[in-house]
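Colleague: Dropping the structure in here first, questions after.
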Amino acid sequence: MDALRSRLVDLGFAPAAIAPLAGDASQRRFFRVHLAAAGTVVAALYPAALAEQAGRDHAVQQWGFRRGLPIPRPLAAGGDVTVSEDLGDVDLERALAAGADAISATLDALGAFQASGWDGLPTPPFDAAFFRRELAVFEAFAAGPAAHPAIAPWLDALAERVAGHPRRLVHRDFHVNNLFLRDGQVVAVDFQDMRAGPDTYDLASLLRERAGAELVAAEASRKADAARRFGWAAGWDRRYLECAAQRGLKVIGTFLRLASQGRRHYLEWVPPAAQRTLEALAALAAPAPLAAAVAAAGATGGL
């Protein structure tokens with residue numbers, strides 16, 4: 001904590017108190033900093049080996065904020081620390097559970113990404129190799145070394161199909177725990193990996209991950225509304241399922257990997273993720289051995 005305090009002082013802040021916040025699936029640690037002059041900011045502390053990533057993430061944030069995207073205001077960065085405005089503690093899961101009418105504001109936030117270009121964005125677009133590397137995490141932690149030979153070719157083809165979808169600017173982790181309700185508007189954190197990608201990708205994340213499926217009701221009508229609102233080309237419903245399958249498999253693999261590293265609270269999200277992924281796989285006529293691997297992960301809660 002003393003090291004973080006020193007870095008904040010070097011960046012021009014006068015911290016009165018520093019309190020840890022819940023982190024994400026990365027190696028970053030987050031802190032709410034109470035300033036001596038009143039007010040708070042949020043500091044992200046990166047491992048020393050990832051200081052270069054901190055600089056890139058700050059550049060992404062600056063790029064997005066300049067374009068008017070609904071993300072926190074970037075305040076400063078130096079070495080292994082970035083500092084942003086504090087959005088508070090009311091994420092979309094809590095807001096919707098408390099009865100907030102935030103669906104329209106959430107689609108407004110998604111629409112800002114959908115309407116943006118990506119020229120000058122520091123992060124490269126998604127490609128098939130990127131999607132396939134994500135699916136390899138599922139193979140390693142769910143399918144295992146004795147995976148059925150039908151699985152890998154189907155995953156290869158899925159990565160190619162998803163990479164070929166029409167592109168929009170994608171937040172990449174647009175789920176209820178990364179969205180915060182503030183003054184009637186929804187603002188997104190965990191934005192550092194935004195990039196050009198499949199048009200339906202973020203909506204699949206919103207409606208099918210974490211608590212989204214339980215809290216954002218009427219998935220079918222929400223999908224159709226979004227397709228009209230964002231002007232998606234014909235075939236969007238099939239593309240949505242392909243994104244849901246790719247993203248679901250990636251998420252299951254990530255949760256199992258984190259649990260294997262001792263972060264076992266991620267296991268609670270494996271069964272619902274498996275259930276929704278199985279729905280997408282069934283609609284896409286995926287190989288039975290792949291569905292069996294997903295079902296096994298869901299039935300055991302992971303490990």
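In the structure tokens, chains take letters A, B, ... by order of appearance, with residues numbered from 1 within each chain and ligands from 1 in the order shown.
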Near A:Ala128, within 6 Å and counting only C-alpha atoms, which residues show up once chain neighbours fewer than 5 positions away are dropped, as a PDB file with C-alpha atoms, in the first residue's frame?

Modeller:
ATOM      1  CA  ALA A 159     -13.431 -19.531 -34.696  1.00  0.00           C
ATOM      2  CA  GLU A 160     -13.305 -18.948 -38.460  1.00  0.00           C
ATOM      3  CA  ALA A 163     -14.127 -13.974 -37.148  1.00  0.00           C
TER       4      ALA A 163
END

Colleague: Nearest to A:Val41: which of A:Ala196, A:Leu87, A:Ile71, A:Ala297 is it, counting only C-alpha atoms?

Modeller: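 Going through A:Ala196, A:Leu87, A:Ile71, A:Ala297 one by one, the smallest distance to A:Val41 is for A:Leu87.
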
Colleague: Applying 12 Å and only C-alpha atoms, which residues near A:Leu121 remain after dropping the ones on its own chain fewer than 5 positions away? List them as a short mmCIF file (atom, residue, chain, number, x, y, z; two decimals) with C-alpha atoms, in the first residue's frame.

Modeller:
data_model
loop_
_atom_site.label_atom_id
_atom_site.label_comp_id
_atom_site.auth_asym_id
_atom_site.auth_seq_id
_atom_site.Cartn_x
_atom_site.Cartn_y
_atom_site.Cartn_z
CA ARG A 56 -1.51 0.61 -23.36
CA ASP A 57 -4.71 0.27 -21.32
CA HIS A 58 -4.54 3.95 -20.43
CA ALA A 59 -4.11 4.79 -24.12
CA VAL A 60 -7.21 2.72 -24.96
CA GLN A 61 -9.16 4.55 -22.25
CA GLN A 62 -8.05 7.94 -23.55
CA TRP A 63 -9.01 6.95 -27.09
CA GLY A 64 -12.47 5.77 -26.03
CA PHE A 65 -13.21 8.70 -23.75
CA ARG A 66 -12.27 11.19 -26.48
CA ARG A 67 -14.78 9.48 -28.77
CA SER A 116 -18.32 4.04 -33.14
CA LEU A 169 -16.63 -1.79 -32.07
CA VAL A 170 -16.82 -4.43 -29.32
CA GLN A 192 -9.19 -2.07 -22.05
CA ASP A 193 -9.65 -4.91 -24.56
CA MET A 194 -12.23 -3.15 -26.75
CA ARG A 195 -11.61 -3.81 -30.43
CA ALA A 196 -13.33 -4.38 -33.76
#

Colleague: Need to verify the contact set: A:Gly39, 12 Å, only C-alpha atoms, exclusion of same-chain residues closer than 2 positions in sequence. Can you return it as a PyMOL selection string?

Modeller: chain A and resi 13-17+32-37+41-42+85-88

Colleague: Using atom CA of A:Ala245 and atom CA of A:Ala157 as the two end points, give the distance in Å to one decimal.

Modeller: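 Between atom CA of A:Ala245 and atom CA of A:Ala157 the gap is 12.1 Å.
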
Colleague: For the strand (DSSP E) assignment from backbone DSSP, which residues of stretch 58-177 of chain A qualify? Please present them as an NGL selection string.

Modeller: :A and (74-78 or 81-85 or 167-170)

Colleague: For the residues in the current selection, export C-alpha atoms as a short mmCIF file (atom, residue, chain, number, x, y, z; two decimals), in the first residue's frame.

Modeller:
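Result file part_7.cif:
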data_model
loop_
_atom_site.label_atom_id
_atom_site.label_comp_id
_atom_site.auth_asym_id
_atom_site.auth_seq_id
_atom_site.Cartn_x
_atom_site.Cartn_y
_atom_site.Cartn_z
CA PRO A 74 -9.01 8.67 -17.49
CA LEU A 75 -7.16 10.80 -14.95
CA ALA A 76 -3.52 9.72 -14.94
CA ALA A 77 -1.10 6.88 -15.57
CA GLY A 78 2.50 6.19 -14.70
CA VAL A 81 -0.60 2.44 -12.07
CA THR A 82 -3.58 3.95 -13.84
CA VAL A 83 -6.12 6.30 -12.21
CA SER A 84 -9.73 6.82 -13.30
CA GLU A 85 -12.87 8.49 -12.08
CA ARG A 167 -17.82 -5.89 -37.47
CA ARG A 168 -18.64 -3.23 -34.92
CA LEU A 169 -16.63 -1.79 -32.07
CA VAL A 170 -16.82 -4.43 -29.32
#

Colleague: Of the candidates A:Gln114, A:Ala142, A:Leu155, A:Leu256, which shows the shortest atom-to-atom distance to A:Pro198, using only C-alpha atoms?

Modeller: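 Among the listed residues, A:Gln114 lies closest to A:Pro198.
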
Colleague: Which is closest to A:Ala285 among A:Ala97, A:Ala226, A:Trp154, A:Arg182, if we use only C-alpha atoms?

Modeller: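 Answer, going by the shortest atom-to-atom distance: A:Trp154.
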
Colleague: Do you have the atom CA of A:Ala136-atom CA of A:Arg29 distance handy?

Modeller: 26.1 Å
